[in-house]
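What follows is a set of notes on a single structure, which appears directly below.
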Amino acid sequence: MSSELKLLNDEQMIQFITKGYVVLQNELPEELHRSVMNQIDFAFQNEGNPGNNILPRVPDIQKFFETPVTKGALTSVLGPDYYMHPHRHMHYNQPGNGKPGGGEWHKDGFWSSMRSHRPWWVMMFYYTQDITEDMGPTAIMPGSQYNEKFQNQPELLPTGKAGTIALVHFDLWHKASLNTSNIDRYMLKFQFVRLAEPVSPSWNHTNAVPAFTLDAPDAHLNLWHDVWNWLRVEKSLQAAADGGTTEVPALIEALSSENEVIRSGAADKLGLIGQAAEAAVPKLKELIRDSSENVALNASYALGHIGNSGTAALLMELGEGFKLTAQRAAYGLQAAGAEAIPGLVRLLALGEENSRALAAFTLGMLGSAASSAVPSLIVALNDVSKWVRRNVVEALGMIGEPADETIPALVRTIEEAVAKESADEENASTGSYVYNQEYITNKIAYTAALSLLRIGKIGDSDLVINGLEAGLLSKDRYTRAYAFEALTAIRSDRAVDVLIKQYRAARWCPDTHKSSTF
């Protein structure tokens, strides 16, 4: 087997950005898939679903994720420095199981403080058997990854022979479809996280200008260009609406149309025109609160691309808007880039709770460009709101430098958060959270461990290891998992000693189960 990565091409990346998925084929021996299927079937029938332990229970599954196809696809979207998340699941769809039409449409519970339009997270749906539509494959809704609200659109049922993979944006709406065959259907779901912002295109990139579909009724051209340019490390929007500035008056008028497709398209075109469309800013700001989510998103991103006046409008909405509209403004501000940083820092210090949290989130999404905000973020680690503090902790891990400031702050945070567990101070659910995420029991320690996984390698190793040793003692299983992986990345003598001590107690024997004798 060739070891050369099979990177995605421009067309596949455009499909991932616009539709939220790419279907791939892992060309592996039929015998391997059959062997894994037999092992999975034995575990399910005799022991139940192993849940997060599916990989150590069936170690051959790891081979599926070490091929040039899977590694190339993950590298293309997440960059070369990605991590297989410790949460994974084997989905089992029995014949006739479920409601008519299959399961419920949903987005998976996510792992960051907020959902991100930029691809920091992805999922892989992996089929270990030949899959046909009647077997109830996981249905996906193309293009739905940017919508918070469910919108009934045409669905897709990815099918193919054993080794079929659906690489999907983490926030794509999906569900189990109804299995009308007489065959049990299995699907492996694995999740992956990007550990660093892009430093160059990580796919087989040849065309600077993407061939986006311009006239689709659900197009998000400014949003798509934002993702494309972020992945390419391109700071300016290299696009222009047909007709340029002469169209601005007619497009502003179209923003008041009763037809949401017309409003949405007009907002998109105005954003592509850029600063020359600043006369549209007042009306675009109104549309952040539009009843159509597509219109509101396009208005937010358009404001982010129009320049100073658009950025000012977004900052005002972030500071004064409702939770939903402020969140939309935050996404627009990440598109605005570095010029939004001073206003975000002001809101971080002086805004209401939701504004402070969203300001921290946006600064994190701006990455290394927001390094000047690190002192203000460290001050905000003392915020009275846990929701704000969590966003700050994640932002520090996404910004990274200056490491002599971010690393000590993160180490203190994880040590204090784990120490508070005995009093259940960090485990208690709180209504201030936008999302409670009950599956993460210590959200501050968890997020600090994730941030140390991202940037721990650039800091003082002994100091980082002190923090990770505290993380290994957390009651939160995902905090412990991140700490394990961060120590593996550091790989100093001391880090290895800590790992060996932990692995001796934590080692999983995949051959031990209730049917084994010894």
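The way I read the labels, and the way they are meant: chains A, B, ... in the order of the structure tokens, residue 1 as the first residue of every chain, and ligand 1 as the first ligand shown, with later ones counted on from there.
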Contacts of Gly48 in chain A at 12 Å or less, counting only C-alpha atoms, minus same-chain residues fewer than 3 places along, as a ChimeraX atom specification?
/A:40-45,51,53-54,57,90-92,513-514
Can those selected residues be exported to a file as a short mmCIF file (atom, residue, chain, number, x, y, z; two decimals), in the first residue's frame so that it contains N, CA, C and O atoms?
```
data_model
loop_
_atom_site.label_atom_id
_atom_site.label_comp_id
_atom_site.auth_asym_id
_atom_site.auth_seq_id
_atom_site.Cartn_x
_atom_site.Cartn_y
_atom_site.Cartn_z
N ILE A 40 -16.87 -7.14 15.93
CA ILE A 40 -17.91 -6.22 16.39
C ILE A 40 -19.18 -6.98 16.72
O ILE A 40 -19.82 -6.75 17.77
N ASP A 41 -19.56 -7.88 15.84
CA ASP A 41 -20.78 -8.63 16.05
C ASP A 41 -20.72 -9.46 17.33
O ASP A 41 -21.69 -9.52 18.10
N PHE A 42 -19.55 -10.05 17.58
CA PHE A 42 -19.38 -10.83 18.81
C PHE A 42 -19.57 -9.94 20.03
O PHE A 42 -20.29 -10.29 20.98
N ALA A 43 -18.91 -8.76 20.01
CA ALA A 43 -19.00 -7.85 21.15
C ALA A 43 -20.44 -7.40 21.37
O ALA A 43 -20.93 -7.39 22.51
N PHE A 44 -21.13 -7.05 20.29
CA PHE A 44 -22.51 -6.57 20.42
C PHE A 44 -23.43 -7.65 20.95
O PHE A 44 -24.26 -7.41 21.83
N GLN A 45 -23.29 -8.85 20.42
CA GLN A 45 -24.21 -9.92 20.78
C GLN A 45 -23.95 -10.45 22.19
O GLN A 45 -24.88 -10.91 22.86
N GLY A 51 -19.23 1.37 23.25
CA GLY A 51 -19.18 2.82 23.35
C GLY A 51 -17.79 3.36 23.03
O GLY A 51 -17.18 2.99 22.02
N ASN A 53 -15.08 2.56 24.12
CA ASN A 53 -14.05 1.52 24.14
C ASN A 53 -14.08 0.63 22.89
O ASN A 53 -13.44 -0.43 22.88
N ILE A 54 -14.78 1.05 21.83
CA ILE A 54 -14.85 0.22 20.65
C ILE A 54 -13.48 0.00 20.02
O ILE A 54 -13.18 -1.08 19.51
N ARG A 57 -11.44 -2.44 22.12
CA ARG A 57 -12.14 -3.73 22.05
C ARG A 57 -11.89 -4.43 20.72
O ARG A 57 -11.78 -5.65 20.66
N MET A 90 -20.08 2.93 17.93
CA MET A 90 -20.53 1.99 16.90
C MET A 90 -22.05 2.07 16.83
O MET A 90 -22.75 1.80 17.80
N HIS A 91 -22.57 2.47 15.68
CA HIS A 91 -24.01 2.56 15.48
C HIS A 91 -24.53 1.25 14.90
O HIS A 91 -23.99 0.73 13.93
N TYR A 92 -25.60 0.79 15.49
CA TYR A 92 -26.17 -0.52 15.16
C TYR A 92 -27.62 -0.30 14.76
O TYR A 92 -28.45 0.10 15.57
N HIS A 513 -13.20 -10.04 28.26
CA HIS A 513 -14.61 -9.71 28.24
C HIS A 513 -15.35 -10.77 29.04
O HIS A 513 -14.75 -11.72 29.55
N LYS A 514 -16.65 -10.63 29.16
CA LYS A 514 -17.37 -11.51 30.07
C LYS A 514 -17.39 -12.96 29.60
O LYS A 514 -17.66 -13.87 30.39
#
```
With a cut-off of 9 Å, could you pull out the residues of range 79-112 of chain A touching range 141-165 of chain A and give me the nearest pair of atoms for each, distance in Å to one decimal, using only C-alpha atoms, ordered by chain and ascending number, as a Markdown table?
```
| residue | atom | partner | partner_atom | distance |
| --- | --- | --- | --- | --- |
| A:Trp105 | CA | A:Phe150 | CA | 7.9 |
| A:His106 | CA | A:Phe150 | CA | 8.1 |
| A:Lys107 | CA | A:Gln145 | CA | 8.5 |
```
Same residues, C-alpha atoms, saved as a PDB file, in the first residue's frame:
```
ATOM      1  CA  TRP A 105     -32.664  14.755  12.611  1.00  0.00           C
ATOM      2  CA  HIS A 106     -29.976  16.166  14.902  1.00  0.00           C
ATOM      3  CA  LYS A 107     -26.534  17.665  15.256  1.00  0.00           C
TER       4      LYS A 107
END
```
I need the residue nearest Gly244 in chain A from this list: A:Lys457, A:Lys269, A:Arg356, A:Arg328. Use only C-alpha atoms for the distance.
A:Lys269
When DSSP is applied to the backbone of this structure, which of range 33-273 of chain A are assigned strand (DSSP E or B)? Write them out as a count of residues only.
45
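The space between CA of Ala266 in chain A and CA of Ala330 in chain A spans 20.9 Å.
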Per-residue DSSP, range 53-114 of chain A, filtered to helix (DSSP H, G or I), as an MDAnalysis selection string:
chainID A and resid 53:57 59:65 68:78
Which one is closest to Thr128 in chain A: A:Lys475, A:Lys189, A:Lys386, A:Lys285? Count only C-alpha atoms.
A:Lys189
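If you measure from each of A:Ser202, A:Ser291, A:Gln12, A:Asn436 to Lys71 in chain A using only C-alpha atoms, the closest one turns out to be A:Ser202.
Considering only C-alpha atoms, the residue among A:Leu221, A:Val23, A:Ala380, A:Ala409 positioned nearest to Phe125 in chain A is A:Val23.
Proximity to Ala369 in chain A was assessed for A:Val248, A:Lys235, A:Phe322, A:Arg480 counting only C-alpha atoms; the smallest distance is recorded for A:Lys235.
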Considering only C-alpha atoms, return as a VMD selection string whatever protein or nucleic-acid residues lie within 10 Å of Val379 in chain A, sequence-local ones (same chain, fewer than 6 positions apart) excluded.
chain A and resid 348 to 349 389 392 409
Distance table requested - range 127-211 of chain A against range 72-87 of chain A, cut-off 10 Å, only C-alpha atoms: one row per qualifying residue with the closest atom pair and its distance in Å to one decimal, ordered by chain and rising residue number, as CSV.
```
residue,atom,partner,partner_atom,distance
A:Leu167,CA,A:Ala73,CA,7.9
A:His169,CA,A:Val77,CA,9.5
A:Lys189,CA,A:His87,CA,9.0
A:Phe190,CA,A:His87,CA,7.3
A:Gln191,CA,A:His85,CA,5.4
A:Phe192,CA,A:Met84,CA,4.5
A:Val193,CA,A:Tyr83,CA,5.3
A:Arg194,CA,A:Tyr82,CA,4.6
A:Leu195,CA,A:Tyr82,CA,5.4
A:Ala196,CA,A:Asp81,CA,6.8
A:Glu197,CA,A:Gly79,CA,8.1
A:Pro198,CA,A:Gly79,CA,6.6
A:Val199,CA,A:Gly79,CA,8.7
A:Ser200,CA,A:Gly79,CA,8.7
A:Pro201,CA,A:Ser76,CA,7.8
A:Ser202,CA,A:Ser76,CA,4.9
A:Trp203,CA,A:Ser76,CA,4.3
A:Asn204,CA,A:Ser76,CA,7.8
A:His205,CA,A:Ser76,CA,9.5
```
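Counting from CA of Glu258 in chain A, the distance to CA of Tyr331 in chain A is 25.0 Å.
Residue nearest Leu8 in chain A, chosen from A:Trp120, A:Ala483, A:Thr206, A:Ser35 and counting only C-alpha atoms: A:Thr206.
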Close residues, Pro68 in chain A itself excluded, 12 Å, only C-alpha atoms, min 4 positions apart in chain, as a PyMOL selection string:
chain A and resi 1-8+24-28+63-64+72-76
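For Ala495 in chain A, the non-local neighbours within 12 Å, defined as residues at least 3 positions apart in the same chain or in other chains and counting only C-alpha atoms, are Gly456, Lys457, Ser461, Asp462, Leu463, Val464, Ile465, Asn466, Gly467, Leu468, Glu469, Ala483, Phe484, Glu485, Ala486, Leu487, Thr488, Ala489, Ile490, Arg491, Ser492, Val498, Leu499, Ile500, Lys501 and Gln502 of chain A.
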For Ala219 in chain A, list every protein, DNA or RNA residue within 10 Å, evaluated using only C-alpha atoms, and leave out those in the same chain fewer than 3 positions away; present the list as a list in words.
Thr18, Gly143, Phe212, Thr213, Leu214, Asp215, Ala216, Asn222, Leu223, Trp224, Val261, Ser264, Gly265, Asp268, Asn294, Val295 and Asn298 of chain A
